[in-house]
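Written out below as structure tokens is the structure these notes cover.
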Number of protein chains: 2
Amino acid sequence: MRILPLIAAGVLAASSAFAQDLTKGAADIRDKALADPLAWNITESLTSEVGARMTGSPAMERARDWAVGKFRELGFENIKVEAFTTPTWSRGAESAEVVGPVPHKLAILGLGNSSPTPAGGLTAPIVVFKSYQAMLDQPPGSLSGKIAVVTQAMGRTQDGSSYGAVGAQRWAGAAEAAKRGAVGYLIRSLSTDDTRLPHTGGGLAGGIPAAALSPPDAELLERLADRGKPVTVKLQMASSTNPASPAWNISGEIRGKEKPDEVIVVGGHLDSWDPGTGAVDAAAGIGITTAAAKLVAQAGQPRRTIRVVMWGSEEQGGSSGAYAAAHKAEMGQMIMAGESDGGAGRIWTVSLPRAGADHAAMTAFRATLPKLNVAVSRAAPTNGGADIAGLMLGGVPFVDFGQDMSRYFDLHHSADDTLDKIDPKELAQNVAVWAAFLYTVANSDVDFRPKPAAEAK
Amino acid sequence: MRILPLIAAGVLAASSAFAQDLTKGAADIRDKALADPLAWNITESLTSEVGARMTGSPAMERARDWAVGKFRELGFENIKVEAFTTPTWSRGAESAEVVGPVPHKLAILGLGNSSPTPAGGLTAPIVVFKSYQAMLDQPPGSLSGKIAVVTQAMGRTQDGSSYGAVGAQRWAGAAEAAKRGAVGYLIRSLSTDDTRLPHTGGGLAGGIPAAALSPPDAELLERLADRGKPVTVKLQMASSTNPASPAWNISGEIRGKEKPDEVIVVGGHLDSWDPGTGAVDAAAGIGITTAAAKLVAQAGQPRRTIRVVMWGSEEQGGSSGAYAAAHKAEMGQMIMAGESDGGAGRIWTVSLPRAGADHAAMTAFRATLPKLNVAVSRAAPTNGGADIAGLMLGGVPFVDFGQDMSRYFDLHHSADDTLDKIDPKELAQNVAVWAAFLYTVANSDVDFRPKPAAEAK
């Protein structure tokens with residue numbers, strides 16, 4: 001069939017009885033979602049009954065069992081526990097203190113892949129760099145015997161883009177400091193908050209101890225260093241690593257009635273960092289996508305299958321590749337993939353693949369958004385999610401539902417990532433967007449894959 | 001001299017050349033204070049160069065030396081270090097965790113005068129009370145073998161009055177829990193924040209381990225208890241006490257030119273709790289009052305003496321009584337006393353003793369306040385300050401300068417009490433109020449003591 005100009009196609013489709021039903025159904029499910037407590041209840045359950053759950057820890061086994069139990073309890077079908085192994089890092093006892101010119105206890109959290117210190121600790125003078133670039137500008141050997149400290153701060157942004165902008169000081173910094181001779185590495189946490197709670201996260205192994213300072217501690221080190229006298233810090237860190245920890249991607253399905261093999265893959269990651277209870281990162285994402293799928297099921301068995309995946313190793317990596325490898329044969333039939341991993345702030349923008357964006361199903365979906373105060377972006381999706389990266393590389397279409405991340409990095413990877421930080425109304429708004437989207441995709445034949453040029457003419 | 005009706009007296013006095021000079025001088029010193037960095041610099045110095053300083057700790061000796069050095073550096077005269085002893089409590093290693101039905105690490109801080117646990121820790125089932133009264137309603141013996149947990153929350157108030165309203169759960173709770181048989185006691189921190197940082201503070205010894213939970217941890221225990229299954233907590237605390245720790249009240253003076261024996265006593269407390277660096281509680285008070293006195297000196301030697309006192313044991317008690325005992329003979333000549341111990345928020349209300357309130361000096365002081373957005377309260381002062389309580393009992397007049405405490409209890413007694421939480425402009429506004437007040441009192445003959453009835457007629 002010849003493709004009509006995009007807008008006209010949408011108008012035409014919307015005029016059909018099918019489109020009218022879809023539009024009404026999407027509006028209904030949106031309104032139900034706004035009053036539905038399931039996402040909150042799932043998030044509460046995971047954070048209270050399991051809590052912190054690092055891949056490779058005993059808590060992750062409890063999380064796995066929780067996931068299977070939750071899928072069963074909610075009536076999901078075809079529940080699968082797909083095992084894989086992945087390298088993991090585990091925190092031990094940690095402490096840091098200024099030992100001179102005056103003693104101060106420092107609030108730190110070791111970074112993933114940090115080396116431990118010797119058993120008696122590591123004591124060395126610090127060199128403070130107020131930007132990451134200033135450290136990179138140092139020649140090899142120039143930091144010999146020193147603890148390098150990078151105190152660059154992170155800005156607050158609605159789209160979370162500041163995380164990427166300053167992320168290298170955590171991701172690559174220990175390795176870069178080690179290249180220059182440093183025996184230890186400290187950063188100001190990638191955080192937009194000003195509490196004494198540091199924020200952990202993954203990084204490349206540099207072969208030296210590496211940790212994040214709370215922002216006030218980073219500022220204290222700046223002020224002490226600004227006095228011009230040597231400042232000495234003692235670090236004690238007892239971390240360990242496991243080259244092949246067991247991990248699991250766990251999934252459950254709302255099976256499609258007409259096209260069960262056409263699969264929509266959505267979900268969140270089950271693992272978390274250890275200092276908090278992994279509420280915004282990402283029990284919320286599990287709650288949002290699971291509740292959205294359940295709402296679609298409650299509206300009547302959909303035409304296509306919706307699969308919710310609770311990925312088992314996002315923070316330390318591994319679940320995306322494992323999932324893509326296990327589902328390679330099926331990727332051609334995956335309608336789309338999506339991950340909710342931006343916390344629990346409301347969705348403020350959605351970005352849809354250009355192909356399919358003007359199908360009647362997406363017209364029906366877009367009609368649900370004004371009430372939810374969501375803008376449709378003109379840009380094509382670019383982020384997707386870390387756990388669907390393998391599917392994205394395999395050509396599976398994906399969406400970006402941009403959450404308001406203004407407050408996310410106050411909490412992310414810190415002890416403050418707890419349930420109380422989640423606003424149930426904002427959580428429900430997320431469910432409404434995902435439920436309306438899943439409903440329209442699962443109950444239509446919308447195809448998000450780019451058409452071959454010949455067919456599109 | 002017969003006393004004129006109060007308002008008329010003010011008007012009359014304000015018309016004199018003396019009053020005009022005082023009014024201009026007060027306005028000038030206010031404006032200088034708003035641009036003066038000294039209070040900030042003192043606060044920065046104490047928090048960076050000494051940091052946390054609990055009475056009885058080695059840090060307190062460094063704080064004493066810092067105080068003497070700072071008075072000398074600023075040209076204060078008659079510097080005194082007045083030694084006394086006081087009982088103190090000292091924190092040791094602390095940890096807490098839920099051990100069943102599922103493991104969770106808990107963020108706690110032991111409360112002052114808590115008993116330690118046995119070396120291997122204390123493991124017991126918890127009983128959660130959502131109000132302090134609900135625990136008090138339990139009969140003796142009813143909490144036998146249990147850890148009592150009180151999770152009542154504290155409201156946010158501008159005048160800080162919510163602290164007193166819920167304070168008993170910290171002050172008296174461990175003793176009350178022990179009377180009912182409890183083997184341990186936990187409270188939701190007296191905090192208006194929602195971070196995972198607990199807030200410590202003093203309490204009556206109950207003979208059992210007692211600690212504060214962060215608000216999210218208190219809410220987690222509520223949610224676990226609400227599930228109806230037994231919840232077991234393990235506490236490990238290794239505190240110790242010293243019945244007679246050395247402590248010091250340290251003072252310096254701006255000596256009066258005409259009436260050096262008429263002394264105005266102001267200051268803040270030098271000691272702090274241990275988790276933060278004692279910035280808002282109360283390095284700020286030290287900075288504010290010291291800078292205000294210094295500004296008065298810079299405007300020309302005043303008629304009366306201004307004495308700045310850095311009290312040495314407010315948090316654990318002792319400095320007020322020691323100061324009053326050491327200065328008993330002098331109390332009759334003390335013009336007034338004041339303490340800055342409400343943090344670093346701007347002053348929003350001042351309360352002056354009724355006697356003297358309509359003296360020309362106070363008219364001049366009040367004239368400085370509209371620009372500072374400060375209201376004059378109709379109520380007489382009632383609070384004064386913990387360190388001037390002994391002077392207040394001895395009949396020394398005192399003032400209340402009410403600071404905006406809306407954010408104070410986010411920080412108070414927690415690791416978050418650090419310099420970065422202080423707004424330099426709000427700090428300077430405090431200095432402006434204190435400087436204008438000290439200037440007008442020190443350069444006049446205002447008398448705040450109630451007059452005998454016969455004389456006042």
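Each chain in the structure tokens gets a letter, A, B, ..., in the order shown, and its residues are numbered from 1; ligands are numbered from 1 in order too.
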(Q) Can you work out which residues from chain B touch chain A at a cut-off of 10 Å (counting only C-alpha atoms) and hand them back as an MDAnalysis selection string? (A) chainID B and resid 44:45 47:52 59 62 101:107 194:197 215:217 219:221 223:224 274:277 411 414:421
With C-alpha atoms retained, write the just-selected residues as a PDB file, in the first residue's frame.
```
ATOM      1  CA  GLU B  44      34.858  29.028  57.828  1.00  0.00           C
ATOM      2  CA  SER B  45      37.973  29.003  59.993  1.00  0.00           C
ATOM      3  CA  THR B  47      34.683  24.538  60.768  1.00  0.00           C
ATOM      4  CA  SER B  48      37.700  23.952  58.508  1.00  0.00           C
ATOM      5  CA  GLU B  49      40.590  24.300  60.948  1.00  0.00           C
ATOM      6  CA  VAL B  50      38.965  22.559  63.902  1.00  0.00           C
ATOM      7  CA  GLY B  51      35.852  20.803  62.569  1.00  0.00           C
ATOM      8  CA  ALA B  52      33.761  18.606  64.847  1.00  0.00           C
ATOM      9  CA  ALA B  59      39.256  18.438  69.236  1.00  0.00           C
ATOM     10  CA  ARG B  62      42.169  22.572  69.534  1.00  0.00           C
ATOM     11  CA  PRO B 101      12.437 -11.026  58.272  1.00  0.00           C
ATOM     12  CA  VAL B 102      14.894  -9.631  55.691  1.00  0.00           C
ATOM     13  CA  PRO B 103      18.287  -7.979  56.221  1.00  0.00           C
ATOM     14  CA  HIS B 104      18.542  -4.195  55.931  1.00  0.00           C
ATOM     15  CA  LYS B 105      21.356  -1.953  57.111  1.00  0.00           C
ATOM     16  CA  LEU B 106      20.014   0.917  59.219  1.00  0.00           C
ATOM     17  CA  ALA B 107      21.467   4.421  59.458  1.00  0.00           C
ATOM     18  CA  ASP B 194      14.372  13.242  54.625  1.00  0.00           C
ATOM     19  CA  THR B 195      17.991  12.189  54.134  1.00  0.00           C
ATOM     20  CA  ARG B 196      19.538   8.961  55.420  1.00  0.00           C
ATOM     21  CA  LEU B 197      21.554  11.027  57.911  1.00  0.00           C
ATOM     22  CA  PRO B 215      13.688   9.339  58.847  1.00  0.00           C
ATOM     23  CA  PRO B 216      13.710   6.900  55.880  1.00  0.00           C
ATOM     24  CA  ASP B 217      14.946   4.118  58.190  1.00  0.00           C
ATOM     25  CA  GLU B 219       9.648   4.660  57.918  1.00  0.00           C
ATOM     26  CA  LEU B 220      11.139   1.359  56.734  1.00  0.00           C
ATOM     27  CA  LEU B 221      10.727  -0.103  60.241  1.00  0.00           C
ATOM     28  CA  ARG B 223       6.427  -0.568  56.954  1.00  0.00           C
ATOM     29  CA  LEU B 224       8.088  -3.824  58.015  1.00  0.00           C
ATOM     30  CA  ASP B 274      30.473  15.085  66.310  1.00  0.00           C
ATOM     31  CA  PRO B 275      28.897  14.012  63.005  1.00  0.00           C
ATOM     32  CA  GLY B 276      29.178  17.368  61.201  1.00  0.00           C
ATOM     33  CA  THR B 277      31.554  20.277  61.645  1.00  0.00           C
ATOM     34  CA  LEU B 411      20.966  20.026  59.574  1.00  0.00           C
ATOM     35  CA  SER B 414      23.680  15.639  61.857  1.00  0.00           C
ATOM     36  CA  ALA B 415      26.585  15.040  59.479  1.00  0.00           C
ATOM     37  CA  ASP B 416      24.967  17.692  57.304  1.00  0.00           C
ATOM     38  CA  ASP B 417      25.853  20.508  59.682  1.00  0.00           C
ATOM     39  CA  THR B 418      28.598  21.837  57.429  1.00  0.00           C
ATOM     40  CA  LEU B 419      29.705  25.230  56.126  1.00  0.00           C
ATOM     41  CA  ASP B 420      28.151  24.893  52.683  1.00  0.00           C
ATOM     42  CA  LYS B 421      24.680  25.044  54.265  1.00  0.00           C
TER      43      LYS B 421
END
```
Q: Please provide as a ChimeraX atom specification all residues within 10 Å of Asn373 in chain A, with the sequence filter that same-chain residues fewer than 6 positions apart are discarded (counting only C-alpha atoms).
A: /A:346-349,429
Q: For CA of Ala282 in chain A and CA of Val98 in chain B, determine how far apart the two atoms are, in Å to one decimal place.
A: 22.1 Å
Q) What is the distance between CA of Gln158 in chain A and CA of Asp423 in chain A, in Å to one decimal? A) 16.6 Å
Q. In Å to one decimal, how far is CA of Asp137 in chain B from CA of Ala212 in chain B?
A. 21.1 Å
Q.
Residues of range 342-427 of chain A classed as strand (DSSP E) by DSSP on the backbone are to be reported as JSON, numbers by chain.
A. {"A": [347, 348, 349, 350, 351, 375, 376, 400, 401, 402, 403]}
Q: Identify which of the residues B:Gln298, B:Thr43, B:Thr305, B:Thr86 lies closest to Arg255 in chain B, counting only C-alpha atoms when measuring atom-to-atom distances.
A: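 For Arg255 in chain B, the nearest of the given residues is B:Thr305.
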Q: Extract, using only C-alpha atoms, all DNA, RNA and protein residues at most 10 Å from Ser377 in chain A, discarding same-chain residues fewer than 6 positions from it, and format them as a PyMOL selection string.
A: chain A and resi 348-352+400-402
File dump, residues just selected, N, CA and C atoms, as a short mmCIF file (atom, residue, chain, number, x, y, z; two decimals), in the first residue's frame:
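Below is the file part_31.cif, written as the result:
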```cif
data_model
loop_
_atom_site.label_atom_id
_atom_site.label_comp_id
_atom_site.auth_asym_id
_atom_site.auth_seq_id
_atom_site.Cartn_x
_atom_site.Cartn_y
_atom_site.Cartn_z
N TRP A 348 8.07 14.05 30.96
CA TRP A 348 7.76 15.37 30.39
C TRP A 348 7.89 15.40 28.88
N THR A 349 8.54 14.40 28.31
CA THR A 349 8.67 14.36 26.85
C THR A 349 8.73 12.92 26.37
N VAL A 350 8.13 12.63 25.25
CA VAL A 350 8.27 11.29 24.66
C VAL A 350 8.81 11.44 23.25
N SER A 351 9.61 10.47 22.90
CA SER A 351 10.22 10.46 21.58
C SER A 351 9.94 9.09 20.97
N LEU A 352 9.31 9.09 19.78
CA LEU A 352 8.88 7.85 19.14
C LEU A 352 9.68 7.63 17.86
N ASP A 400 12.06 6.66 23.74
CA ASP A 400 12.59 7.39 24.90
C ASP A 400 11.42 8.10 25.57
N PHE A 401 11.16 7.76 26.81
CA PHE A 401 10.18 8.51 27.58
C PHE A 401 10.98 9.30 28.62
N GLY A 402 11.13 10.58 28.35
CA GLY A 402 12.03 11.40 29.17
C GLY A 402 11.39 11.80 30.49
#
```
Q) Near Thr289 in chain A, within 8 Å and counting only C-alpha atoms, which residues show up once chain neighbours fewer than 2 positions away are dropped, as a ChimeraX atom specification? A) /A:39,266-268,285-287,291-293,308,340,431,434-435
